[in-house]
file model.cif (mmCIF, C-alpha atoms and all ligand atoms)
data_coords
loop_
_atom_site.label_atom_id
_atom_site.label_comp_id
_atom_site.auth_asym_id
_atom_site.auth_seq_id
_atom_site.Cartn_x
_atom_site.Cartn_y
_atom_site.Cartn_z
CA MET A 1 0.00 0.00 0.00
CA ILE A 2 1.26 3.46 -0.85
CA GLU A 3 1.01 5.74 2.16
CA THR A 4 -0.28 9.26 1.66
CA SER A 5 1.59 12.08 3.37
CA MET A 6 -1.13 12.34 6.04
CA GLU A 7 -0.56 8.71 7.00
CA LEU A 8 3.22 8.89 7.22
CA ARG A 9 4.61 8.63 10.71
CA SER A 10 6.56 11.61 12.00
CA LYS A 11 10.33 11.28 12.25
CA ILE A 12 9.81 12.58 15.77
CA SER A 13 9.15 9.81 18.27
CA THR A 14 7.96 9.92 21.87
CA ASP A 15 7.10 7.57 24.67
CA ALA A 16 4.40 10.01 25.78
CA ASP A 17 1.00 8.45 25.06
CA LEU A 18 -1.37 11.31 24.30
CA HIS A 19 -4.35 8.97 24.77
CA SER A 20 -3.75 7.36 28.15
CA ASP A 21 -4.98 8.70 31.48
CA GLY A 22 -2.55 10.09 34.02
CA VAL A 23 0.32 12.56 34.17
CA GLN A 24 3.32 12.15 31.85
CA HIS A 25 6.39 14.37 31.71
CA ARG A 26 8.27 13.09 28.67
CA TYR A 27 10.20 14.19 25.59
CA LEU A 28 9.68 14.48 21.89
CA THR A 29 12.79 12.88 20.41
CA ILE A 30 13.82 14.73 17.26
CA PRO A 31 16.54 13.06 15.18
CA HIS A 32 19.50 15.42 14.71
CA SER A 33 22.64 13.84 13.32
CA ARG A 34 25.55 16.24 13.49
CA ASN A 35 29.35 16.43 13.77
CA ASP A 36 29.41 16.17 17.56
CA SER A 37 26.65 13.56 17.85
CA ALA A 38 26.46 11.18 14.92
CA TRP A 39 23.27 9.42 15.94
CA GLY A 40 22.15 12.27 18.12
CA SER A 41 18.73 13.63 18.84
CA ILE A 42 17.08 16.60 20.50
CA LEU A 43 14.93 15.86 23.55
CA MET A 44 12.15 18.42 23.73
CA PRO A 45 9.94 18.42 26.86
CA ILE A 46 6.22 17.68 26.60
CA SER A 47 3.77 17.08 29.44
CA VAL A 48 0.39 15.39 29.11
CA PHE A 49 -2.38 15.47 31.72
CA LYS A 50 -5.39 13.32 30.90
CA ASN A 51 -8.31 12.42 33.10
CA GLY A 52 -11.28 10.80 31.39
CA GLU A 53 -13.42 12.47 28.78
CA GLY A 54 -13.48 16.20 28.10
CA PRO A 55 -11.95 18.88 25.91
CA THR A 56 -8.28 18.96 24.94
CA VAL A 57 -6.25 22.15 25.34
CA LEU A 58 -2.73 22.63 23.98
CA LEU A 59 -0.53 25.16 25.80
CA THR A 60 2.66 26.31 24.08
CA GLY A 61 5.45 28.76 24.83
CA GLY A 62 8.92 29.41 23.45
CA SER A 63 7.86 29.48 19.83
CA HIS A 64 10.47 32.22 19.67
CA GLY A 65 13.56 31.56 21.77
CA ASP A 66 13.89 35.04 23.30
CA GLU A 67 10.39 35.12 24.82
CA TYR A 68 10.31 33.78 28.37
CA GLU A 69 6.84 34.25 29.87
CA GLY A 70 5.52 31.13 28.15
CA PRO A 71 8.26 28.74 29.25
CA ILE A 72 8.22 30.10 32.82
CA ALA A 73 4.43 30.06 33.25
CA LEU A 74 4.10 26.62 31.63
CA MET A 75 6.93 25.01 33.61
CA ASN A 76 5.32 26.35 36.80
CA LEU A 77 1.98 24.95 35.60
CA VAL A 78 3.22 21.42 34.87
CA ARG A 79 4.68 21.17 38.36
CA SER A 80 1.47 22.32 40.02
CA LEU A 81 -1.45 21.10 37.90
CA ASP A 82 -3.60 18.69 39.94
CA ILE A 83 -4.73 15.82 37.69
CA ARG A 84 -7.70 15.15 39.99
CA LYS A 85 -9.11 18.54 38.96
CA VAL A 86 -8.64 17.88 35.24
CA SER A 87 -11.49 16.67 33.04
CA GLY A 88 -10.20 15.92 29.56
CA ARG A 89 -6.66 16.59 28.47
CA VAL A 90 -4.01 19.29 28.79
CA ILE A 91 -0.92 19.02 26.55
CA VAL A 92 1.92 21.36 27.46
CA ILE A 93 4.97 22.16 25.31
CA PRO A 94 6.88 24.87 27.22
CA ALA A 95 9.41 25.48 24.44
CA LEU A 96 8.03 24.83 20.99
CA ASN A 97 11.26 26.01 19.35
CA TYR A 98 13.38 24.22 21.94
CA PRO A 99 16.75 24.76 20.16
CA ALA A 100 16.02 28.52 20.01
CA ILE A 101 15.16 28.65 23.73
CA LYS A 102 18.47 26.97 24.50
CA THR A 103 20.36 29.80 22.76
CA GLY A 104 17.98 32.65 23.67
CA THR A 105 17.48 33.53 20.04
CA ARG A 106 14.25 34.26 18.17
CA LEU A 107 15.09 31.74 15.44
CA SER A 108 16.46 28.23 15.63
CA PRO A 109 20.26 28.17 15.80
CA ILE A 110 20.19 24.90 13.82
CA ASP A 111 18.30 25.88 10.69
CA GLY A 112 17.36 29.55 11.17
CA GLY A 113 13.73 28.43 11.37
CA ASN A 114 11.03 30.80 12.62
CA MET A 115 8.62 28.40 14.31
CA ASN A 116 5.68 30.73 13.77
CA ARG A 117 6.30 30.94 10.02
CA THR A 118 6.88 27.22 9.46
CA PHE A 119 3.43 25.59 9.74
CA PRO A 120 2.26 23.14 8.48
CA GLY A 121 5.90 22.02 8.51
CA ASN A 122 7.54 19.17 6.68
CA ARG A 123 8.14 15.63 7.87
CA ASN A 124 11.37 15.42 5.87
CA GLY A 125 12.49 18.98 6.49
CA THR A 126 14.71 20.76 8.99
CA VAL A 127 14.36 20.41 12.77
CA THR A 128 11.98 23.38 12.91
CA GLU A 129 9.91 21.94 10.05
CA MET A 130 9.79 18.49 11.69
CA ILE A 131 8.46 20.00 14.94
CA ALA A 132 5.78 21.98 13.09
CA ASP A 133 4.78 18.88 11.12
CA TYR A 134 4.46 16.81 14.31
CA VAL A 135 2.28 19.45 15.99
CA GLN A 136 0.19 19.94 12.84
CA ARG A 137 -0.55 16.28 12.15
CA PHE A 138 -0.44 14.60 15.55
CA VAL A 139 -1.34 17.21 18.18
CA LEU A 140 -3.67 19.81 16.65
CA PRO A 141 -6.28 17.26 15.48
CA LEU A 142 -6.74 16.24 19.14
CA CYS A 143 -7.25 19.82 20.38
CA ASP A 144 -10.31 21.97 20.94
CA ALA A 145 -8.28 25.05 21.81
CA VAL A 146 -4.69 26.29 21.76
CA VAL A 147 -3.14 29.02 23.92
CA ASP A 148 0.28 30.13 22.59
CA ILE A 149 2.27 32.54 24.76
CA HIS A 150 4.45 35.06 22.92
CA ALA A 151 6.25 38.20 24.07
CA GLY A 152 8.24 40.98 22.42
CA GLY A 153 11.60 39.21 22.46
CA LYS A 154 14.90 41.07 22.49
CA MET A 155 14.00 43.67 19.88
CA MET A 156 10.43 44.65 20.79
CA SER A 157 8.44 45.82 23.78
CA PHE A 158 4.67 45.38 23.95
CA LEU A 159 1.89 46.67 26.08
CA PRO A 160 0.80 43.32 27.60
CA CYS A 161 -1.90 41.99 25.25
CA SER A 162 -3.68 38.83 24.34
CA VAL A 163 -3.95 38.53 20.57
CA ILE A 164 -6.76 37.11 18.47
CA HIS A 165 -7.64 37.39 14.79
CA LYS A 166 -10.69 38.67 12.99
CA LEU A 167 -12.27 35.42 11.80
CA PRO A 168 -14.85 35.12 9.03
CA ASP A 169 -16.85 32.48 10.95
CA GLU A 170 -19.01 34.31 13.51
CA GLU A 171 -19.44 31.33 15.81
CA GLN A 172 -15.69 30.60 15.89
CA MET A 173 -15.04 34.31 16.46
CA ALA A 174 -17.47 34.33 19.41
CA ARG A 175 -15.70 31.32 20.98
CA THR A 176 -12.35 33.02 20.44
CA VAL A 177 -13.46 36.34 21.97
CA ALA A 178 -14.89 34.48 24.98
CA ALA A 179 -11.54 32.71 25.45
CA ALA A 180 -9.63 36.00 25.20
CA LYS A 181 -11.92 37.51 27.86
CA ALA A 182 -11.29 34.48 30.06
CA PHE A 183 -7.52 34.87 29.56
CA GLY A 184 -7.98 38.26 31.19
CA ALA A 185 -4.97 40.19 29.87
CA PRO A 186 -5.43 43.94 30.38
CA ASN A 187 -5.61 44.38 26.59
CA CYS A 188 -6.65 42.21 23.67
CA LEU A 189 -5.35 43.06 20.21
CA VAL A 190 -7.76 41.99 17.46
CA LEU A 191 -5.55 41.62 14.41
CA GLU A 192 -6.07 41.25 10.73
CA GLU A 193 -2.82 39.41 9.97
CA LEU A 194 -1.04 40.80 6.90
CA ASP A 195 0.80 37.57 6.17
CA ALA A 196 -0.78 34.71 8.08
CA VAL A 197 0.87 31.93 6.08
CA GLY A 198 2.98 29.58 8.19
CA MET A 199 1.67 30.68 11.58
CA LEU A 200 0.49 28.25 14.25
CA ASP A 201 -2.42 30.69 14.64
CA THR A 202 -3.53 30.01 11.08
CA ALA A 203 -3.03 26.25 11.36
CA VAL A 204 -5.33 26.12 14.41
CA GLU A 205 -7.92 28.59 13.09
CA GLU A 206 -8.21 26.74 9.77
CA LEU A 207 -9.20 23.63 11.75
CA GLY A 208 -12.10 25.62 13.25
CA LYS A 209 -10.59 25.62 16.74
CA VAL A 210 -10.07 28.39 19.27
CA PHE A 211 -6.67 30.10 19.22
CA VAL A 212 -5.48 32.73 21.70
CA SER A 213 -1.98 34.15 21.54
CA THR A 214 -0.26 36.93 23.47
CA GLU A 215 2.32 39.68 23.15
CA LEU A 216 3.60 40.29 26.67
CA GLY A 217 6.32 42.80 27.45
CA GLY A 218 9.63 42.18 25.77
CA GLY A 219 13.24 43.33 25.85
CA GLY A 220 14.44 39.73 25.99
CA THR A 221 13.32 39.21 29.58
CA ALA A 222 10.16 38.48 31.54
CA SER A 223 8.76 40.79 34.22
CA VAL A 224 6.87 39.97 37.41
CA GLU A 225 3.76 41.47 35.85
CA THR A 226 3.95 39.71 32.46
CA ILE A 227 4.63 36.32 34.09
CA ARG A 228 1.60 36.91 36.33
CA ILE A 229 -0.56 37.71 33.27
CA ALA A 230 0.67 34.61 31.40
CA ALA A 231 0.16 32.28 34.37
CA GLY A 232 -3.26 33.70 35.28
CA GLY A 233 -4.38 33.69 31.66
CA VAL A 234 -3.42 30.09 31.05
CA HIS A 235 -5.06 28.98 34.30
CA ASP A 236 -8.28 30.85 33.63
CA CYS A 237 -8.45 29.56 30.04
CA LEU A 238 -8.23 25.98 31.34
CA VAL A 239 -11.12 26.78 33.70
CA HIS A 240 -13.04 28.50 30.88
CA PHE A 241 -12.64 25.53 28.51
CA GLY A 242 -13.98 23.21 31.21
CA VAL A 243 -10.75 21.24 31.61
CA LEU A 244 -9.81 22.47 35.09
CA ALA A 245 -12.23 22.49 38.03
CA GLU A 246 -10.88 25.49 39.95
CA GLU A 247 -12.01 29.04 40.57
CA PRO A 248 -10.74 31.50 37.94
CA ARG A 249 -8.18 33.97 39.24
CA GLY A 250 -10.13 36.65 37.37
CA SER A 251 -7.36 39.02 36.40
CA GLY A 252 -9.81 41.71 35.39
CA GLN A 253 -11.38 43.60 32.55
CA THR A 254 -9.91 43.34 29.05
CA ARG A 255 -9.76 46.39 26.77
CA PHE A 256 -10.07 45.51 23.07
CA LEU A 257 -7.82 47.20 20.53
CA GLU A 258 -7.33 47.03 16.80
CA THR A 259 -4.59 48.24 14.48
CA PRO A 260 -6.18 50.24 11.67
CA LYS A 261 -4.49 50.71 8.30
CA GLY A 262 -1.36 52.82 8.66
CA SER A 263 -0.80 52.01 12.33
CA PHE A 264 2.65 50.46 11.82
CA VAL A 265 5.56 52.93 11.84
CA ILE A 266 8.65 51.64 10.01
CA ALA A 267 12.11 53.19 10.46
CA ASP A 268 13.54 54.47 7.17
CA ARG A 269 17.02 55.02 8.51
CA SER A 270 19.44 53.32 10.88
CA GLY A 271 20.85 54.81 14.05
CA ILE A 272 20.37 55.23 17.79
CA LEU A 273 16.75 55.17 18.91
CA GLU A 274 15.38 57.72 21.36
CA ALA A 275 11.79 56.81 22.25
CA ALA A 276 9.47 59.69 23.11
CA VAL A 277 6.49 57.53 24.05
CA GLU A 278 6.29 54.22 25.92
CA PRO A 279 3.80 51.37 25.37
CA GLY A 280 0.45 52.15 26.96
CA GLN A 281 0.66 55.91 26.46
CA THR A 282 -2.04 57.72 24.51
CA VAL A 283 -0.85 59.54 21.39
CA GLU A 284 -2.36 62.07 19.01
CA ALA A 285 -1.74 62.04 15.28
CA GLY A 286 1.30 64.18 14.42
CA MET A 287 3.00 64.11 17.81
CA PRO A 288 6.62 62.85 17.97
CA ILE A 289 6.91 59.25 19.15
CA ALA A 290 10.62 58.64 18.49
CA TYR A 291 13.88 60.10 17.20
CA ILE A 292 16.71 58.37 15.38
CA HIS A 293 20.17 59.86 15.88
CA ASP A 294 23.22 59.52 13.64
CA ILE A 295 26.32 59.01 15.78
CA ASP A 296 28.53 60.09 12.85
CA ASN A 297 26.82 63.46 12.66
CA PRO A 298 26.11 64.68 16.20
CA VAL A 299 25.20 68.22 15.17
CA ALA A 300 22.51 67.04 12.72
CA GLU A 301 18.94 67.07 13.95
CA PRO A 302 17.68 63.51 14.54
CA ALA A 303 15.00 62.06 12.29
CA VAL A 304 11.61 62.61 13.93
CA TYR A 305 8.90 59.97 13.73
CA LEU A 306 5.31 61.09 14.26
CA ALA A 307 2.23 59.22 15.41
CA PRO A 308 0.27 58.36 12.25
CA LEU A 309 -3.07 58.42 14.07
CA ASP A 310 -4.76 59.01 17.42
CA GLY A 311 -4.56 55.97 19.67
CA ILE A 312 -2.51 54.00 22.16
CA LEU A 313 1.09 53.03 21.53
CA VAL A 314 1.10 49.23 21.90
CA HIS A 315 4.59 48.41 20.68
CA ARG A 316 7.95 50.05 20.29
CA HIS A 317 11.35 48.85 19.12
CA VAL A 318 13.23 48.34 22.37
CA ALA A 319 16.86 47.78 21.36
CA GLY A 320 19.03 50.91 21.47
CA LEU A 321 20.07 50.49 17.85
CA ILE A 322 17.48 50.50 15.11
CA ALA A 323 17.94 49.65 11.43
CA ARG A 324 16.23 50.95 8.32
CA GLY A 325 13.21 48.70 7.75
CA ASP A 326 12.68 47.80 11.44
CA CYS A 327 9.20 48.19 12.89
CA LEU A 328 9.59 51.22 15.14
CA SER A 329 6.11 51.42 16.70
CA VAL A 330 2.54 50.31 16.39
CA ILE A 331 -0.43 52.49 17.35
CA ALA A 332 -3.73 50.80 18.18
CA ARG A 333 -7.23 52.12 18.63
CA GLU A 334 -9.71 51.05 21.30
CA ILE A 335 -12.77 49.24 19.95
CA PRO A 336 -15.89 47.90 21.62
CA SER A 337 -15.77 44.22 22.57
CA PRO A 338 -16.21 42.32 19.29
ZN ZN A 401 6.92 35.35 19.45
#
call {"tool": "encode", "arguments": {"input": "model.cif", "output": "structure tokens", "more": "lines below"}}
Ligand code: ZN
result
Amino acid sequence: MIETSMELRSKISTDADLHSDGVQHRYLTIPHSRNDSAWGSILMPISVFKNGEGPTVLLTGGSHGDEYEGPIALMNLVRSLDIRKVSGRVIVIPALNYPAIKTGTRLSPIDGGNMNRTFPGNRNGTVTEMIADYVQRFVLPLCDAVVDIHAGGKMMSFLPCSVIHKLPDEEQMARTVAAAKAFGAPNCLVLEELDAVGMLDTAVEELGKVFVSTELGGGGTASVETIRIAAGGVHDCLVHFGVLAEEPRGSGQTRFLETPKGSFVIADRSGILEAAVEPGQTVEAGMPIAYIHDIDNPVAEPAVYLAPLDGILVHRHVAGLIARGDCLSVIAREIPSP
């Protein structure tokens, strides 16, 4: 019999049984033959909690290796989650791009792969592609909902937000908005993705399931506040989806925001960045939000970047150096709850 691609086994193996009851803290074993380990592999942590029938929720962090709220909140969760309070199944992958987390880099140090641009992946591809393929074909079909924790990484700083997409299916959109409210981040960014191809978001949404992501803080670290938001959000989503029988922590009211056309400010020169506005501050169209200085010409006036519209600054480039073409800032506008 000729196997179709959907029937092919992944090259990734695991002794975690996603279908058996109980708690399992195991590894996904990803083959990685290399100079210093001829028959070597990468052991990527996965935890599975299953207790009888009920929904399945996938929790992921570390899709980008310089974003730490997800790994921290999810490692804390797997040590504390009480299986007796679980109905259904919780699958936790604290570092989806495990090689990138090990080096603290956004992209995989092995193949340069951007995990959130690699879906649906490739069974016979690079390490990043193999991971995406495994998640796409063997994990997502089991799931009712996915919560994927992102942050700004080393180069960006965000006003702490959950992130959802405008979906054409009203019923799926309603489920997604309800999940974002349950997550309870202070803000929820409702995005129309410009280039959604390759994202885990898209892979999950195309299957008709609920997907909630986040952009929490940034600067290549995790703060007390952003870890609290990630941990509380994940916990309250598990309660919301009916998988965890606990009281929600109820982090509070969520303000909904959208990014209208023209809300992204792109640097058109390189230099030293002087921010004039921080994430969370209200801006008016035409007011300066940042300056870019040229160290080789100290007496020249810096380039001034102006707010393109009235709104709230939700992101700014956080590294001291900025390059032509970098995203400098994003301005969002408050909207009623969708
Ligand atoms: Zn990310």
call {"tool": "residues_around", "arguments": {"input": "model.cif", "residues": "segment 237-245 of chain A", "least_positions_apart": "4", "cutoff": "12 Å", "atoms": "all atoms listed in the file", "output": "PyMOL selection string"}}
result
chain A and resi 49-59+77+81-92+143-148+162+175-185+209-213+229-233+249-251
call {"tool": "closest_residue", "arguments": {"input": "model.cif", "among": "A:Pro336, A:Gly220, A:Pro308, A:Gly271", "to": "Met156 of chain A", "atoms": "all atoms listed in the file"}}
result
A:Gly220
call {"tool": "atom_distance", "arguments": {"input": "model.cif", "atom1": "atom CA of Val135 of chain A", "atom2": "atom ZN of ligand ZN 401 (chain A)"}}
result
16.9 Å
call {"tool": "atom_distance", "arguments": {"input": "model.cif", "atom1": "atom CA of Tyr68 of chain A", "atom2": "atom CA of Val265 of chain A"}}
result
25.7 Å
call {"tool": "residues_near_ligand", "arguments": {"input": "model.cif", "ligand": "ligand ZN 401 (chain A)", "cutoff": "10 Å", "atoms": "only C-alpha atoms and all ligand atoms", "output": "PyMOL selection string"}}
result
chain A and resi 61-68+70+106-107+114-116+148-153+213-216+218
call {"tool": "build_atoms", "arguments": {"input": "model.cif", "residues": "segment 29-45 of chain A", "atoms": "N, CA, C and O atoms", "output": "PDB file, keeping the file's coordinate frame"}}
result
ATOM      1  N   THR A  29      11.427  13.177  20.830  1.00  0.00           N
ATOM      2  CA  THR A  29      12.790  12.880  20.410  1.00  0.00           C
ATOM      3  C   THR A  29      12.913  13.194  18.917  1.00  0.00           C
ATOM      4  O   THR A  29      12.300  12.540  18.073  1.00  0.00           O
ATOM      5  N   ILE A  30      13.694  14.228  18.632  1.00  0.00           N
ATOM      6  CA  ILE A  30      13.820  14.730  17.260  1.00  0.00           C
ATOM      7  C   ILE A  30      15.191  14.313  16.736  1.00  0.00           C
ATOM      8  O   ILE A  30      16.213  14.702  17.305  1.00  0.00           O
ATOM      9  N   PRO A  31      15.237  13.501  15.678  1.00  0.00           N
ATOM     10  CA  PRO A  31      16.540  13.060  15.180  1.00  0.00           C
ATOM     11  C   PRO A  31      17.376  14.252  14.703  1.00  0.00           C
ATOM     12  O   PRO A  31      16.865  15.120  13.998  1.00  0.00           O
ATOM     13  N   HIS A  32      18.634  14.314  15.131  1.00  0.00           N
ATOM     14  CA  HIS A  32      19.500  15.420  14.710  1.00  0.00           C
ATOM     15  C   HIS A  32      20.947  14.940  14.650  1.00  0.00           C
ATOM     16  O   HIS A  32      21.723  15.113  15.592  1.00  0.00           O
ATOM     17  N   SER A  33      21.279  14.340  13.534  1.00  0.00           N
ATOM     18  CA  SER A  33      22.640  13.840  13.320  1.00  0.00           C
ATOM     19  C   SER A  33      23.545  15.016  12.998  1.00  0.00           C
ATOM     20  O   SER A  33      23.228  15.844  12.144  1.00  0.00           O
ATOM     21  N   ARG A  34      24.670  15.089  13.682  1.00  0.00           N
ATOM     22  CA  ARG A  34      25.550  16.240  13.490  1.00  0.00           C
ATOM     23  C   ARG A  34      26.998  15.846  13.806  1.00  0.00           C
ATOM     24  O   ARG A  34      27.236  14.721  14.270  1.00  0.00           O
ATOM     25  N   ASN A  35      27.932  16.757  13.598  1.00  0.00           N
ATOM     26  CA  ASN A  35      29.350  16.430  13.770  1.00  0.00           C
ATOM     27  C   ASN A  35      29.659  15.911  15.168  1.00  0.00           C
ATOM     28  O   ASN A  35      30.440  14.991  15.342  1.00  0.00           O
ATOM     29  N   ASP A  36      29.058  16.552  16.196  1.00  0.00           N
ATOM     30  CA  ASP A  36      29.410  16.170  17.560  1.00  0.00           C
ATOM     31  C   ASP A  36      28.474  15.123  18.161  1.00  0.00           C
ATOM     32  O   ASP A  36      28.575  14.816  19.343  1.00  0.00           O
ATOM     33  N   SER A  37      27.548  14.597  17.354  1.00  0.00           N
ATOM     34  CA  SER A  37      26.650  13.560  17.850  1.00  0.00           C
ATOM     35  C   SER A  37      26.041  12.833  16.652  1.00  0.00           C
ATOM     36  O   SER A  37      24.969  13.186  16.171  1.00  0.00           O
ATOM     37  N   ALA A  38      26.772  11.792  16.213  1.00  0.00           N
ATOM     38  CA  ALA A  38      26.460  11.180  14.920  1.00  0.00           C
ATOM     39  C   ALA A  38      25.044  10.626  14.844  1.00  0.00           C
ATOM     40  O   ALA A  38      24.349  10.808  13.849  1.00  0.00           O
ATOM     41  N   TRP A  39      24.627   9.948  15.910  1.00  0.00           N
ATOM     42  CA  TRP A  39      23.270   9.420  15.940  1.00  0.00           C
ATOM     43  C   TRP A  39      22.450  10.191  16.976  1.00  0.00           C
ATOM     44  O   TRP A  39      21.596   9.628  17.659  1.00  0.00           O
ATOM     45  N   GLY A  40      22.725  11.457  17.057  1.00  0.00           N
ATOM     46  CA  GLY A  40      22.150  12.270  18.120  1.00  0.00           C
ATOM     47  C   GLY A  40      20.697  12.654  17.882  1.00  0.00           C
ATOM     48  O   GLY A  40      20.163  12.516  16.782  1.00  0.00           O
ATOM     49  N   SER A  41      20.083  13.118  18.947  1.00  0.00           N
ATOM     50  CA  SER A  41      18.730  13.630  18.840  1.00  0.00           C
ATOM     51  C   SER A  41      18.542  14.784  19.809  1.00  0.00           C
ATOM     52  O   SER A  41      19.374  15.022  20.687  1.00  0.00           O
ATOM     53  N   ILE A  42      17.447  15.491  19.630  1.00  0.00           N
ATOM     54  CA  ILE A  42      17.080  16.600  20.500  1.00  0.00           C
ATOM     55  C   ILE A  42      15.896  16.130  21.340  1.00  0.00           C
ATOM     56  O   ILE A  42      14.927  15.588  20.797  1.00  0.00           O
ATOM     57  N   LEU A  43      15.993  16.304  22.648  1.00  0.00           N
ATOM     58  CA  LEU A  43      14.930  15.860  23.550  1.00  0.00           C
ATOM     59  C   LEU A  43      14.134  17.070  24.024  1.00  0.00           C
ATOM     60  O   LEU A  43      14.610  17.864  24.826  1.00  0.00           O
ATOM     61  N   MET A  44      12.950  17.221  23.499  1.00  0.00           N
ATOM     62  CA  MET A  44      12.150  18.420  23.730  1.00  0.00           C
ATOM     63  C   MET A  44      11.005  18.109  24.693  1.00  0.00           C
ATOM     64  O   MET A  44      10.185  17.237  24.417  1.00  0.00           O
ATOM     65  N   PRO A  45      10.940  18.782  25.843  1.00  0.00           N
ATOM     66  CA  PRO A  45       9.940  18.420  26.860  1.00  0.00           C
ATOM     67  C   PRO A  45       8.492  18.578  26.392  1.00  0.00           C
ATOM     68  O   PRO A  45       8.140  19.539  25.703  1.00  0.00           O
TER      69      PRO A  45
END
